[in-house]
Structures are given as C-alpha cells and as structure tokens.
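This report refers to the structure that appears directly beneath it.
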Amino acid sequence: MAKSLKDKINEATNFIQSKRTLVPDIGIILGTGLGGLADHIQDKTVIPYNEIPYFATSTAPGHTGNLIMGMIADKKVVAMQGRFHTYEGYSLEEITFPVRVMRALGIKILIESNAAGGMNRNFKAGDAMIIADHINFTGQNPLIGANDETLGSRFPDMSEPYDEKLMEIAEKIALEEGIRCHRGVYIGVSGPNFETKAEYRFFQFIGADAVGMSTVPEVIVARHSDLKVLGISCITDICIPDRLEPVDFRKVIEVANRAEPRITRLVERIIREIEV
Ligand code: HPA
C-alpha cells in the first residue's frame, strides 16, 4: 500500500532525529542568495537533502540543499539551505514536505526568505520587504487532496497568515540597523519565466508589491500546521511595467548576494529577540 503523508513525515523526522536529537523552536527557509545565514548557526549538524527520506533535491542556482540543525544565540533552529520550486518540476506536496517535517521536529515559528521582483514604486533593488500578506497565483494549492485532520484543518483560516508581532519585531530591528525595509503584499507565481509587462501591471493593479516563485505554498502548509510565520523578501529587481528592463537571473543573484549580509543580520537579530 502507498505510504501516507503522515508515514513519510514520520520516517523523515525519525531519520533527522537519529542524526541530531535537538528539538528546534524555529525553522528558517533560506532563499536565493540568502543561504549565508547558515554560517551563523553554531554547534551545527548538516544533513544533505539527498540523505533524508522523501526530500527532493535542490536544482535551483544558489540553493545548496542542506538541512542544518543548531543554535543561533540561545535559540534552537533548523534551517533549509535551499528550497524546492514548482518550476523544478516538483509537486506542491514535495515542495512543502520539509515544512511538515520541521513542524514534526518541533518548530513553532517559520521564518521565510526569498528574492522577489519589486513592483511598488517606492522600492529600490536591495531593499527588504516584510511580507504582510500574499496572493496565491500559482494556480495550485498544496492542500488539494485528502486532508489528514491530525495535520490541520480541511479549510484553514488565512485572515492573518503572517504574524503581526513578528512583523513588528522585524520592523523595529530594521529601523535600528538602518536597513531599508517595507511592508508589502507578495504574489507567488510558478515561474520559471519572469513576467511580461502586462503581468507586472496586472499584479500591481490587484494589490501586489513584490512577485516571486516560491514561499506561498510553504506558508499555506505552515498555516495549515498552525505555525507562526514571518516572511522577508529581498527586492532584487525593479519591475515597473512602463520602464521595465530585461530581468537577468545573474543580476537577481548578484543583488541578493549583496543584500545578504544585511538580511542575515536582520534575521539573526530577529531570532535573538523573539520569544518562543
Ligand atoms: N519575478 C518573479 N520572480 C522573481 C523576480 C521577478 O521579477 N525577481 C526575483 N524573483
């Protein structure tokens, strides 16, 4: 008989616990160009995704493919160095599986980071954006199919997917650190092509400030699992339709890499300050 999602989660969780007994409080997903936070994890155990049962493998550039367990300040953390995307050909169940496993390991808070195109006229490349809300424009949903009530509700509430208190902490620290930081709405698409001018215009019109190819499916599963979520985008390119320049992926990575020390500092301080 085919294994249930719960069985797979248990198998992956048992494997990880056999490598490290730490019970993490906070999960972190490190996106494009933002993997450097991994260097700030102390006393760490690094587990390559390809060793973990049912984990996919990262194929996207800038996504290393390790699960890292350890400490940041006095907090126990588990970090995904690299994530999975729809455009790699993975199902949303595969993409969001690590969120379920991190939940089973013990996390209560999920911190998401990503690179995104900025459509708000006040944004500059390299800015940070705290994700205040999102639009699922992937055309898919990770919760479609049979629902296991022990994992979460059939119809999860989405009135406040991102935790207000965590956003306030993030904003306060960004201000203290002198990091340009906005609040905005993230629209999640499947990719892999960047958007047309008409699409960027449409996304602005429907209320999005930034667009990216990840995060939304993971947040849907995190909320299904009753995790508190904080999302931070690094604005890597400016997508104002009337003056759109071709988007070059190398440039996206370059901007993310340049912003990395700032966003890493921001996330590290947030982790120090939040109460778990
Ligand atoms: N569109 C979609 N995803 C992105 C972009 C973009 O402009 N920039 C970085 N990720």
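Following the order of the structure tokens, chains are lettered A, B, ..., residues in each are numbered from 1, and ligands are numbered from 1.
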
Any idea what's packed within 12 Å of Ile111 in chain A, counting only C-alpha atoms, ignoring anything in its chain fewer than 6 positions away? Could you give it as a PDB file with all heavy atoms, in the first residue's frame?
```pdb
ATOM      1  N   ASP A  25      13.000  25.187  17.868  1.00  0.00           N
ATOM      2  CA  ASP A  25      11.845  26.060  18.089  1.00  0.00           C
ATOM      3  C   ASP A  25      11.499  26.840  16.830  1.00  0.00           C
ATOM      4  O   ASP A  25      10.359  27.233  16.631  1.00  0.00           O
ATOM      5  CB  ASP A  25      12.162  27.088  19.201  1.00  0.00           C
ATOM      6  CG  ASP A  25      12.343  26.414  20.537  1.00  0.00           C
ATOM      7  OD1 ASP A  25      11.458  25.621  20.916  1.00  0.00           O
ATOM      8  OD2 ASP A  25      13.376  26.643  21.190  1.00  0.00           O
ATOM      9  N   ILE A  26      12.536  27.121  16.037  1.00  0.00           N
ATOM     10  CA  ILE A  26      12.352  27.994  14.883  1.00  0.00           C
ATOM     11  C   ILE A  26      12.873  27.287  13.634  1.00  0.00           C
ATOM     12  O   ILE A  26      13.977  26.726  13.639  1.00  0.00           O
ATOM     13  CB  ILE A  26      13.124  29.322  15.080  1.00  0.00           C
ATOM     14  CG1 ILE A  26      12.643  30.037  16.354  1.00  0.00           C
ATOM     15  CG2 ILE A  26      12.977  30.241  13.861  1.00  0.00           C
ATOM     16  CD1 ILE A  26      13.493  31.231  16.739  1.00  0.00           C
ATOM     17  N   GLY A  27      12.073  27.349  12.562  1.00  0.00           N
ATOM     18  CA  GLY A  27      12.512  26.852  11.253  1.00  0.00           C
ATOM     19  C   GLY A  27      12.799  28.048  10.362  1.00  0.00           C
ATOM     20  O   GLY A  27      12.131  29.078  10.455  1.00  0.00           O
ATOM     21  N   ILE A  28      13.818  27.905   9.526  1.00  0.00           N
ATOM     22  CA  ILE A  28      14.188  29.015   8.642  1.00  0.00           C
ATOM     23  C   ILE A  28      14.351  28.448   7.234  1.00  0.00           C
ATOM     24  O   ILE A  28      15.020  27.428   7.051  1.00  0.00           O
ATOM     25  CB  ILE A  28      15.538  29.648   9.074  1.00  0.00           C
ATOM     26  CG1 ILE A  28      15.569  29.936  10.579  1.00  0.00           C
ATOM     27  CG2 ILE A  28      15.827  30.916   8.285  1.00  0.00           C
ATOM     28  CD1 ILE A  28      16.972  30.071  11.132  1.00  0.00           C
ATOM     29  N   ILE A  29      13.744  29.105   6.252  1.00  0.00           N
ATOM     30  CA  ILE A  29      13.967  28.702   4.858  1.00  0.00           C
ATOM     31  C   ILE A  29      14.769  29.801   4.179  1.00  0.00           C
ATOM     32  O   ILE A  29      14.330  30.952   4.105  1.00  0.00           O
ATOM     33  CB  ILE A  29      12.649  28.423   4.111  1.00  0.00           C
ATOM     34  CG1 ILE A  29      11.837  27.349   4.841  1.00  0.00           C
ATOM     35  CG2 ILE A  29      12.954  27.993   2.673  1.00  0.00           C
ATOM     36  CD1 ILE A  29      10.530  26.945   4.164  1.00  0.00           C
ATOM     37  N   LEU A  30      15.975  29.430   3.764  1.00  0.00           N
ATOM     38  CA  LEU A  30      16.890  30.408   3.181  1.00  0.00           C
ATOM     39  C   LEU A  30      16.765  30.367   1.665  1.00  0.00           C
ATOM     40  O   LEU A  30      17.019  29.348   1.029  1.00  0.00           O
ATOM     41  CB  LEU A  30      18.324  30.078   3.610  1.00  0.00           C
ATOM     42  CG  LEU A  30      18.526  30.076   5.134  1.00  0.00           C
ATOM     43  CD1 LEU A  30      19.873  29.478   5.497  1.00  0.00           C
ATOM     44  CD2 LEU A  30      18.397  31.471   5.686  1.00  0.00           C
ATOM     45  N   GLY A  31      16.364  31.499   1.097  1.00  0.00           N
ATOM     46  CA  GLY A  31      16.094  31.546  -0.338  1.00  0.00           C
ATOM     47  C   GLY A  31      17.292  31.979  -1.159  1.00  0.00           C
ATOM     48  O   GLY A  31      18.420  32.046  -0.663  1.00  0.00           O
ATOM     49  N   LEU A  37      23.138  32.799   6.050  1.00  0.00           N
ATOM     50  CA  LEU A  37      22.775  32.726   7.466  1.00  0.00           C
ATOM     51  C   LEU A  37      23.248  31.397   8.071  1.00  0.00           C
ATOM     52  O   LEU A  37      23.523  31.307   9.265  1.00  0.00           O
ATOM     53  CB  LEU A  37      21.256  32.885   7.662  1.00  0.00           C
ATOM     54  CG  LEU A  37      20.788  32.959   9.111  1.00  0.00           C
ATOM     55  CD1 LEU A  37      21.191  34.286   9.757  1.00  0.00           C
ATOM     56  CD2 LEU A  37      19.286  32.767   9.218  1.00  0.00           C
ATOM     57  N   VAL A  77      17.457  26.023  16.296  1.00  0.00           N
ATOM     58  CA  VAL A  77      16.906  26.266  14.956  1.00  0.00           C
ATOM     59  C   VAL A  77      17.160  25.083  14.024  1.00  0.00           C
ATOM     60  O   VAL A  77      18.085  24.293  14.221  1.00  0.00           O
ATOM     61  CB  VAL A  77      17.508  27.544  14.313  1.00  0.00           C
ATOM     62  CG1 VAL A  77      17.256  28.777  15.170  1.00  0.00           C
ATOM     63  CG2 VAL A  77      18.989  27.396  14.009  1.00  0.00           C
ATOM     64  N   VAL A  78      16.285  25.004  13.015  1.00  0.00           N
ATOM     65  CA  VAL A  78      16.541  24.114  11.884  1.00  0.00           C
ATOM     66  C   VAL A  78      16.395  24.981  10.637  1.00  0.00           C
ATOM     67  O   VAL A  78      15.428  25.732  10.512  1.00  0.00           O
ATOM     68  CB  VAL A  78      15.594  22.883  11.875  1.00  0.00           C
ATOM     69  CG1 VAL A  78      14.120  23.263  11.910  1.00  0.00           C
ATOM     70  CG2 VAL A  78      15.878  21.997  10.656  1.00  0.00           C
ATOM     71  N   ALA A  79      17.390  24.910   9.761  1.00  0.00           N
ATOM     72  CA  ALA A  79      17.361  25.782   8.584  1.00  0.00           C
ATOM     73  C   ALA A  79      17.441  24.955   7.312  1.00  0.00           C
ATOM     74  O   ALA A  79      18.177  23.970   7.245  1.00  0.00           O
ATOM     75  CB  ALA A  79      18.525  26.763   8.632  1.00  0.00           C
ATOM     76  N   MET A  80      16.666  25.379   6.336  1.00  0.00           N
ATOM     77  CA  MET A  80      16.776  24.785   4.999  1.00  0.00           C
ATOM     78  C   MET A  80      17.667  25.692   4.170  1.00  0.00           C
ATOM     79  O   MET A  80      17.302  26.833   3.887  1.00  0.00           O
ATOM     80  CB  MET A  80      15.407  24.718   4.329  1.00  0.00           C
ATOM     81  CG  MET A  80      14.491  23.671   4.891  1.00  0.00           C
ATOM     82  SD  MET A  80      12.947  23.658   3.950  1.00  0.00           S
ATOM     83  CE  MET A  80      13.475  22.983   2.364  1.00  0.00           C
ATOM     84  N   VAL A  99       8.461  21.584   5.310  1.00  0.00           N
ATOM     85  CA  VAL A  99       7.760  22.388   6.327  1.00  0.00           C
ATOM     86  C   VAL A  99       7.048  21.442   7.293  1.00  0.00           C
ATOM     87  O   VAL A  99       7.086  21.618   8.513  1.00  0.00           O
ATOM     88  CB  VAL A  99       6.754  23.368   5.666  1.00  0.00           C
ATOM     89  CG1 VAL A  99       5.952  24.127   6.729  1.00  0.00           C
ATOM     90  CG2 VAL A  99       7.477  24.341   4.742  1.00  0.00           C
ATOM     91  N   MET A 102       9.733  19.875   9.510  1.00  0.00           N
ATOM     92  CA  MET A 102      10.236  20.818  10.537  1.00  0.00           C
ATOM     93  C   MET A 102       9.208  20.973  11.658  1.00  0.00           C
ATOM     94  O   MET A 102       9.558  21.077  12.827  1.00  0.00           O
ATOM     95  CB  MET A 102      10.581  22.180   9.912  1.00  0.00           C
ATOM     96  CG  MET A 102      11.815  22.108   9.014  1.00  0.00           C
ATOM     97  SD  MET A 102      12.457  23.741   8.538  1.00  0.00           S
ATOM     98  CE  MET A 102      11.264  24.242   7.320  1.00  0.00           C
ATOM     99  N   ILE A 130       9.017  43.120   4.286  1.00  0.00           N
ATOM    100  CA  ILE A 130       8.357  42.183   5.189  1.00  0.00           C
ATOM    101  C   ILE A 130       7.039  41.791   4.533  1.00  0.00           C
ATOM    102  O   ILE A 130       6.252  42.666   4.144  1.00  0.00           O
ATOM    103  CB  ILE A 130       8.107  42.845   6.559  1.00  0.00           C
ATOM    104  CG1 ILE A 130       9.465  43.125   7.223  1.00  0.00           C
ATOM    105  CG2 ILE A 130       7.230  41.962   7.449  1.00  0.00           C
ATOM    106  CD1 ILE A 130       9.388  44.043   8.407  1.00  0.00           C
ATOM    107  N   ILE A 131       6.822  40.504   4.371  1.00  0.00           N
ATOM    108  CA  ILE A 131       5.600  40.062   3.689  1.00  0.00           C
ATOM    109  C   ILE A 131       4.440  40.189   4.678  1.00  0.00           C
ATOM    110  O   ILE A 131       4.383  39.489   5.690  1.00  0.00           O
ATOM    111  CB  ILE A 131       5.741  38.614   3.178  1.00  0.00           C
ATOM    112  CG1 ILE A 131       6.988  38.477   2.279  1.00  0.00           C
ATOM    113  CG2 ILE A 131       4.487  38.200   2.410  1.00  0.00           C
ATOM    114  CD1 ILE A 131       7.271  37.062   1.811  1.00  0.00           C
ATOM    115  N   TYR A 162       0.560  35.995   8.180  1.00  0.00           N
ATOM    116  CA  TYR A 162       1.860  36.427   8.700  1.00  0.00           C
ATOM    117  C   TYR A 162       1.634  37.070  10.065  1.00  0.00           C
ATOM    118  O   TYR A 162       0.722  37.874  10.237  1.00  0.00           O
ATOM    119  CB  TYR A 162       2.537  37.390   7.712  1.00  0.00           C
ATOM    120  CG  TYR A 162       2.752  36.701   6.377  1.00  0.00           C
ATOM    121  CD1 TYR A 162       1.754  36.702   5.398  1.00  0.00           C
ATOM    122  CD2 TYR A 162       3.919  35.983   6.128  1.00  0.00           C
ATOM    123  CE1 TYR A 162       1.917  36.019   4.202  1.00  0.00           C
ATOM    124  CE2 TYR A 162       4.093  35.300   4.926  1.00  0.00           C
ATOM    125  CZ  TYR A 162       3.083  35.322   3.973  1.00  0.00           C
ATOM    126  OH  TYR A 162       3.260  34.640   2.798  1.00  0.00           O
ATOM    127  N   ASP A 163       2.466  36.698  11.024  1.00  0.00           N
ATOM    128  CA  ASP A 163       2.246  37.069  12.413  1.00  0.00           C
ATOM    129  C   ASP A 163       2.579  38.546  12.671  1.00  0.00           C
ATOM    130  O   ASP A 163       3.716  38.983  12.436  1.00  0.00           O
ATOM    131  CB  ASP A 163       3.123  36.167  13.303  1.00  0.00           C
ATOM    132  CG  ASP A 163       2.812  36.358  14.766  1.00  0.00           C
ATOM    133  OD1 ASP A 163       1.796  35.811  15.211  1.00  0.00           O
ATOM    134  OD2 ASP A 163       3.573  37.080  15.443  1.00  0.00           O
ATOM    135  N   LEU A 166       5.573  39.318  15.023  1.00  0.00           N
ATOM    136  CA  LEU A 166       6.884  39.060  14.399  1.00  0.00           C
ATOM    137  C   LEU A 166       7.225  40.168  13.399  1.00  0.00           C
ATOM    138  O   LEU A 166       8.377  40.591  13.294  1.00  0.00           O
ATOM    139  CB  LEU A 166       6.892  37.692  13.701  1.00  0.00           C
ATOM    140  CG  LEU A 166       6.787  36.472  14.621  1.00  0.00           C
ATOM    141  CD1 LEU A 166       6.711  35.185  13.803  1.00  0.00           C
ATOM    142  CD2 LEU A 166       7.988  36.403  15.571  1.00  0.00           C
ATOM    143  N   MET A 167       6.192  40.658  12.685  1.00  0.00           N
ATOM    144  CA  MET A 167       6.434  41.760  11.734  1.00  0.00           C
ATOM    145  C   MET A 167       6.908  43.005  12.470  1.00  0.00           C
ATOM    146  O   MET A 167       7.803  43.704  12.010  1.00  0.00           O
ATOM    147  CB  MET A 167       5.146  42.095  10.968  1.00  0.00           C
ATOM    148  CG  MET A 167       4.802  41.085   9.909  1.00  0.00           C
ATOM    149  SD  MET A 167       3.546  41.721   8.790  1.00  0.00           S
ATOM    150  CE  MET A 167       2.057  41.088   9.532  1.00  0.00           C
ATOM    151  N   ALA A 170      10.494  42.628  13.463  1.00  0.00           N
ATOM    152  CA  ALA A 170      11.353  42.752  12.275  1.00  0.00           C
ATOM    153  C   ALA A 170      11.501  44.222  11.875  1.00  0.00           C
ATOM    154  O   ALA A 170      12.614  44.688  11.581  1.00  0.00           O
ATOM    155  CB  ALA A 170      10.778  41.938  11.121  1.00  0.00           C
ATOM    156  N   THR A 215       7.673  30.419  -1.702  1.00  0.00           N
ATOM    157  CA  THR A 215       7.144  30.885  -0.406  1.00  0.00           C
ATOM    158  C   THR A 215       5.657  30.634  -0.155  1.00  0.00           C
ATOM    159  O   THR A 215       5.294  30.089   0.887  1.00  0.00           O
ATOM    160  CB  THR A 215       7.479  32.398  -0.194  1.00  0.00           C
ATOM    161  OG1 THR A 215       8.897  32.535  -0.317  1.00  0.00           O
ATOM    162  CG2 THR A 215       7.026  32.916   1.150  1.00  0.00           C
ATOM    163  N   GLU A 218       4.617  27.128   0.768  1.00  0.00           N
ATOM    164  CA  GLU A 218       5.184  26.776   2.081  1.00  0.00           C
ATOM    165  C   GLU A 218       4.385  27.449   3.207  1.00  0.00           C
ATOM    166  O   GLU A 218       4.140  26.837   4.250  1.00  0.00           O
ATOM    167  CB  GLU A 218       6.650  27.237   2.159  1.00  0.00           C
ATOM    168  CG  GLU A 218       7.565  26.524   1.172  1.00  0.00           C
ATOM    169  CD  GLU A 218       8.811  27.336   0.792  1.00  0.00           C
ATOM    170  OE1 GLU A 218       8.994  28.462   1.300  1.00  0.00           O
ATOM    171  OE2 GLU A 218       9.587  26.837  -0.040  1.00  0.00           O
ATOM    172  N   VAL A 219       3.984  28.691   2.965  1.00  0.00           N
ATOM    173  CA  VAL A 219       3.234  29.416   4.004  1.00  0.00           C
ATOM    174  C   VAL A 219       1.833  28.806   4.169  1.00  0.00           C
ATOM    175  O   VAL A 219       1.325  28.707   5.299  1.00  0.00           O
ATOM    176  CB  VAL A 219       3.166  30.931   3.686  1.00  0.00           C
ATOM    177  CG1 VAL A 219       2.237  31.653   4.654  1.00  0.00           C
ATOM    178  CG2 VAL A 219       4.563  31.542   3.732  1.00  0.00           C
ATOM    179  N   ALA A 222       2.401  25.911   6.274  1.00  0.00           N
ATOM    180  CA  ALA A 222       2.765  26.352   7.631  1.00  0.00           C
ATOM    181  C   ALA A 222       1.519  26.768   8.399  1.00  0.00           C
ATOM    182  O   ALA A 222       1.365  26.449   9.579  1.00  0.00           O
ATOM    183  CB  ALA A 222       3.765  27.501   7.563  1.00  0.00           C
ATOM    184  N   LEU A 227       1.615  27.050  12.359  1.00  0.00           N
ATOM    185  CA  LEU A 227       2.881  27.706  12.692  1.00  0.00           C
ATOM    186  C   LEU A 227       2.716  29.213  12.562  1.00  0.00           C
ATOM    187  O   LEU A 227       1.949  29.684  11.718  1.00  0.00           O
ATOM    188  CB  LEU A 227       3.988  27.256  11.724  1.00  0.00           C
ATOM    189  CG  LEU A 227       4.391  25.785  11.764  1.00  0.00           C
ATOM    190  CD1 LEU A 227       5.395  25.496  10.656  1.00  0.00           C
ATOM    191  CD2 LEU A 227       4.984  25.436  13.116  1.00  0.00           C
ATOM    192  N   LYS A 228       3.454  29.959  13.379  1.00  0.00           N
ATOM    193  CA  LYS A 228       3.538  31.408  13.181  1.00  0.00           C
ATOM    194  C   LYS A 228       4.561  31.652  12.076  1.00  0.00           C
ATOM    195  O   LYS A 228       5.610  30.992  12.061  1.00  0.00           O
ATOM    196  CB  LYS A 228       4.016  32.086  14.461  1.00  0.00           C
ATOM    197  CG  LYS A 228       2.973  32.132  15.527  1.00  0.00           C
ATOM    198  CD  LYS A 228       3.491  32.907  16.720  1.00  0.00           C
ATOM    199  CE  LYS A 228       2.475  32.848  17.828  1.00  0.00           C
ATOM    200  NZ  LYS A 228       3.044  33.259  19.109  1.00  0.00           N
ATOM    201  N   VAL A 229       4.250  32.607  11.201  1.00  0.00           N
ATOM    202  CA  VAL A 229       5.122  32.816  10.043  1.00  0.00           C
ATOM    203  C   VAL A 229       5.608  34.260   9.964  1.00  0.00           C
ATOM    204  O   VAL A 229       4.837  35.196  10.181  1.00  0.00           O
ATOM    205  CB  VAL A 229       4.383  32.474   8.724  1.00  0.00           C
ATOM    206  CG1 VAL A 229       5.296  32.688   7.519  1.00  0.00           C
ATOM    207  CG2 VAL A 229       3.862  31.040   8.734  1.00  0.00           C
ATOM    208  N   LEU A 230       6.895  34.404   9.654  1.00  0.00           N
ATOM    209  CA  LEU A 230       7.462  35.694   9.284  1.00  0.00           C
ATOM    210  C   LEU A 230       8.096  35.522   7.907  1.00  0.00           C
ATOM    211  O   LEU A 230       8.844  34.561   7.687  1.00  0.00           O
ATOM    212  CB  LEU A 230       8.551  36.119  10.289  1.00  0.00           C
ATOM    213  CG  LEU A 230       9.320  37.395   9.926  1.00  0.00           C
ATOM    214  CD1 LEU A 230       8.427  38.627  10.034  1.00  0.00           C
ATOM    215  CD2 LEU A 230      10.549  37.570  10.810  1.00  0.00           C
ATOM    216  N   GLY A 231       7.789  36.422   6.975  1.00  0.00           N
ATOM    217  CA  GLY A 231       8.363  36.326   5.628  1.00  0.00           C
ATOM    218  C   GLY A 231       9.124  37.593   5.277  1.00  0.00           C
ATOM    219  O   GLY A 231       8.624  38.698   5.493  1.00  0.00           O
ATOM    220  N   ILE A 232      10.339  37.426   4.751  1.00  0.00           N
ATOM    221  CA  ILE A 232      11.129  38.591   4.341  1.00  0.00           C
ATOM    222  C   ILE A 232      11.607  38.389   2.905  1.00  0.00           C
ATOM    223  O   ILE A 232      12.249  37.375   2.587  1.00  0.00           O
ATOM    224  CB  ILE A 232      12.339  38.804   5.275  1.00  0.00           C
ATOM    225  CG1 ILE A 232      11.843  39.049   6.704  1.00  0.00           C
ATOM    226  CG2 ILE A 232      13.201  39.981   4.789  1.00  0.00           C
ATOM    227  CD1 ILE A 232      12.945  39.149   7.730  1.00  0.00           C
ATOM    228  N   SER A 233      11.279  39.354   2.049  1.00  0.00           N
ATOM    229  CA  SER A 233      11.758  39.308   0.664  1.00  0.00           C
ATOM    230  C   SER A 233      12.928  40.253   0.509  1.00  0.00           C
ATOM    231  O   SER A 233      12.941  41.336   1.089  1.00  0.00           O
ATOM    232  CB  SER A 233      10.661  39.774  -0.307  1.00  0.00           C
ATOM    233  OG  SER A 233       9.583  38.872  -0.326  1.00  0.00           O
ATOM    234  N   THR A 264      20.813  38.872   6.543  1.00  0.00           N
ATOM    235  CA  THR A 264      21.285  37.894   7.521  1.00  0.00           C
ATOM    236  C   THR A 264      21.327  38.513   8.921  1.00  0.00           C
ATOM    237  O   THR A 264      20.882  37.908   9.894  1.00  0.00           O
ATOM    238  CB  THR A 264      22.694  37.389   7.119  1.00  0.00           C
ATOM    239  OG1 THR A 264      22.561  36.709   5.881  1.00  0.00           O
ATOM    240  CG2 THR A 264      23.285  36.456   8.146  1.00  0.00           C
ATOM    241  N   LEU A 266      19.619  41.071   9.939  1.00  0.00           N
ATOM    242  CA  LEU A 266      18.229  41.302  10.341  1.00  0.00           C
ATOM    243  C   LEU A 266      17.626  40.017  10.922  1.00  0.00           C
ATOM    244  O   LEU A 266      17.100  40.008  12.036  1.00  0.00           O
ATOM    245  CB  LEU A 266      17.439  41.780   9.108  1.00  0.00           C
ATOM    246  CG  LEU A 266      15.953  42.075   9.251  1.00  0.00           C
ATOM    247  CD1 LEU A 266      15.725  43.210  10.235  1.00  0.00           C
ATOM    248  CD2 LEU A 266      15.342  42.450   7.888  1.00  0.00           C
ATOM    249  N   VAL A 267      17.754  38.922  10.185  1.00  0.00           N
ATOM    250  CA  VAL A 267      17.129  37.660  10.619  1.00  0.00           C
ATOM    251  C   VAL A 267      17.791  37.155  11.905  1.00  0.00           C
ATOM    252  O   VAL A 267      17.113  36.686  12.823  1.00  0.00           O
ATOM    253  CB  VAL A 267      17.182  36.596   9.492  1.00  0.00           C
ATOM    254  CG1 VAL A 267      16.679  35.249   9.986  1.00  0.00           C
ATOM    255  CG2 VAL A 267      16.369  37.061   8.290  1.00  0.00           C
ATOM    256  N   GLU A 268      19.106  37.300  11.993  1.00  0.00           N
ATOM    257  CA  GLU A 268      19.809  36.832  13.192  1.00  0.00           C
ATOM    258  C   GLU A 268      19.319  37.593  14.431  1.00  0.00           C
ATOM    259  O   GLU A 268      19.040  36.994  15.474  1.00  0.00           O
ATOM    260  CB  GLU A 268      21.314  37.019  13.008  1.00  0.00           C
ATOM    261  CG  GLU A 268      22.096  36.253  14.045  1.00  0.00           C
ATOM    262  CD  GLU A 268      23.589  36.404  13.865  1.00  0.00           C
ATOM    263  OE1 GLU A 268      24.030  37.247  13.062  1.00  0.00           O
ATOM    264  OE2 GLU A 268      24.308  35.675  14.559  1.00  0.00           O
ATOM    265  N   ILE A 270      16.447  39.148  14.737  1.00  0.00           N
ATOM    266  CA  ILE A 270      15.042  38.790  14.984  1.00  0.00           C
ATOM    267  C   ILE A 270      14.999  37.510  15.822  1.00  0.00           C
ATOM    268  O   ILE A 270      14.279  37.400  16.803  1.00  0.00           O
ATOM    269  CB  ILE A 270      14.264  38.601  13.655  1.00  0.00           C
ATOM    270  CG1 ILE A 270      14.136  39.936  12.921  1.00  0.00           C
ATOM    271  CG2 ILE A 270      12.900  37.982  13.893  1.00  0.00           C
ATOM    272  CD1 ILE A 270      13.684  39.814  11.474  1.00  0.00           C
ATOM    273  N   ILE A 271      15.832  36.540  15.431  1.00  0.00           N
ATOM    274  CA  ILE A 271      15.845  35.259  16.139  1.00  0.00           C
ATOM    275  C   ILE A 271      16.260  35.471  17.608  1.00  0.00           C
ATOM    276  O   ILE A 271      15.707  34.864  18.518  1.00  0.00           O
ATOM    277  CB  ILE A 271      16.750  34.242  15.413  1.00  0.00           C
ATOM    278  CG1 ILE A 271      16.105  33.865  14.086  1.00  0.00           C
ATOM    279  CG2 ILE A 271      17.019  33.004  16.282  1.00  0.00           C
ATOM    280  CD1 ILE A 271      16.976  33.061  13.153  1.00  0.00           C
ATOM    281  N   ILE A 274      13.009  37.189  19.404  1.00  0.00           N
ATOM    282  CA  ILE A 274      11.671  36.615  19.541  1.00  0.00           C
ATOM    283  C   ILE A 274      11.608  35.623  20.696  1.00  0.00           C
ATOM    284  O   ILE A 274      12.600  34.989  21.036  1.00  0.00           O
ATOM    285  CB  ILE A 274      11.143  35.933  18.249  1.00  0.00           C
ATOM    286  CG1 ILE A 274      12.121  34.921  17.674  1.00  0.00           C
ATOM    287  CG2 ILE A 274      10.762  36.942  17.219  1.00  0.00           C
ATOM    288  CD1 ILE A 274      11.664  34.372  16.320  1.00  0.00           C
TER     289      ILE A 274
END
```

Notebook entry, point to check: Could you list, as a list in words, all the residues within 8 Å of ligand 1, counting only C-alpha atoms and all ligand atoms?
Noted result: Asn114, Ala115, Ala116, Gly117, Gly118, Val189, Gly191, Pro192, Asn193, Phe194, Glu195, Ala210, Val211, Gly212, Met213, Ile235, Thr236, Asp237, Ile238, Cys239, Val247, Phe249 and Val252 of chain A

Generate the output file for the selected residues, C-alpha atoms, as a short mmCIF file (atom, residue, chain, number, x, y, z; two decimals), in the first residue's frame.
```cif
data_model
loop_
_atom_site.label_atom_id
_atom_site.label_comp_id
_atom_site.auth_asym_id
_atom_site.auth_seq_id
_atom_site.Cartn_x
_atom_site.Cartn_y
_atom_site.Cartn_z
CA ASN A 114 13.21 34.87 -0.76
CA ALA A 115 14.26 37.04 -3.66
CA ALA A 116 11.45 38.96 -5.33
CA GLY A 117 10.79 41.48 -8.05
CA GLY A 118 9.57 44.84 -6.70
CA VAL A 189 3.78 32.52 -9.23
CA GLY A 191 7.79 30.72 -12.91
CA PRO A 192 10.25 29.96 -14.37
CA ASN A 193 9.94 32.86 -16.81
CA PHE A 194 9.97 36.36 -15.43
CA GLU A 195 6.78 38.32 -16.04
CA ALA A 210 6.51 42.09 -4.98
CA VAL A 211 6.47 38.91 -7.08
CA GLY A 212 8.38 35.68 -6.68
CA MET A 213 8.41 31.99 -7.49
CA ILE A 235 13.87 43.03 -3.61
CA THR A 236 16.33 42.06 -6.33
CA ASP A 237 14.92 43.80 -9.39
CA ILE A 238 12.50 46.62 -10.03
CA CYS A 239 9.54 45.70 -12.20
CA VAL A 247 15.46 40.80 -15.92
CA PHE A 249 18.82 35.99 -13.32
CA VAL A 252 18.99 38.83 -9.33
#
```

Checklist line | Those of range 37-215 of chain A in DSSP strand (DSSP E or B), formatted as a ChimeraX atom specification | finding: /A:42-48,66-72,75-81,109-118,128-136,181-188,210-212

Check: Do you know which residues are at most 12 Å from Pro98 in chain A counting only C-alpha atoms, after dropping those on the same chain fewer than 4 positions away, and could you put them as a ChimeraX atom specification?
Finding: /A:5,8-10,12-13,16,27-29,49,52-57,65-67,78-84,92-94,102-105,107,110,217-219,221-222

Item checked: Pick from A:Thr59, A:Asp74, A:Pro161, A:Gln17, whichever lies nearest to Asp226 in chain A using only C-alpha atoms -> A:Pro161

Item checked: Shell of 9 Å around Asp133 in chain A, only C-alpha atoms, local chain residues under 6 positions omitted, as a PyMOL selection string -> chain A and resi 160-162+183-187

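Of the residues under consideration (A:Val216, A:Val276, A:Met119, A:Ile47), A:Ile47 shows the shortest atom-to-atom contact distance to Arg20 in chain A when counting only C-alpha atoms.
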
Notebook entry, point to check: In range 124-246 of chain A, what's alpha helix (DSSP H) per DSSP? Answer as a VMD selection string?
Noted result: chain A and resid 164 to 177 197 to 205 216 to 224

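Of the listed residues (A:Ile68, A:Asp7, A:Ile240, A:Ile109), A:Ile240 comes nearest to Thr196 in chain A; the distances count only C-alpha atoms.
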
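For the pair CA of Pro261 in chain A and CA of Cys234 in chain A, the separation is 11.5 Å.
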
Check: Just how far from CA of Ser18 in chain A is CA of Thr86 in chain A, in Å to one decimal?
Finding: 29.8 Å

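Nearest residue to Met129 in chain A, choosing from A:Asp148, A:Glu88, A:Asp157, A:Glu171 and counting only C-alpha atoms: A:Glu171.
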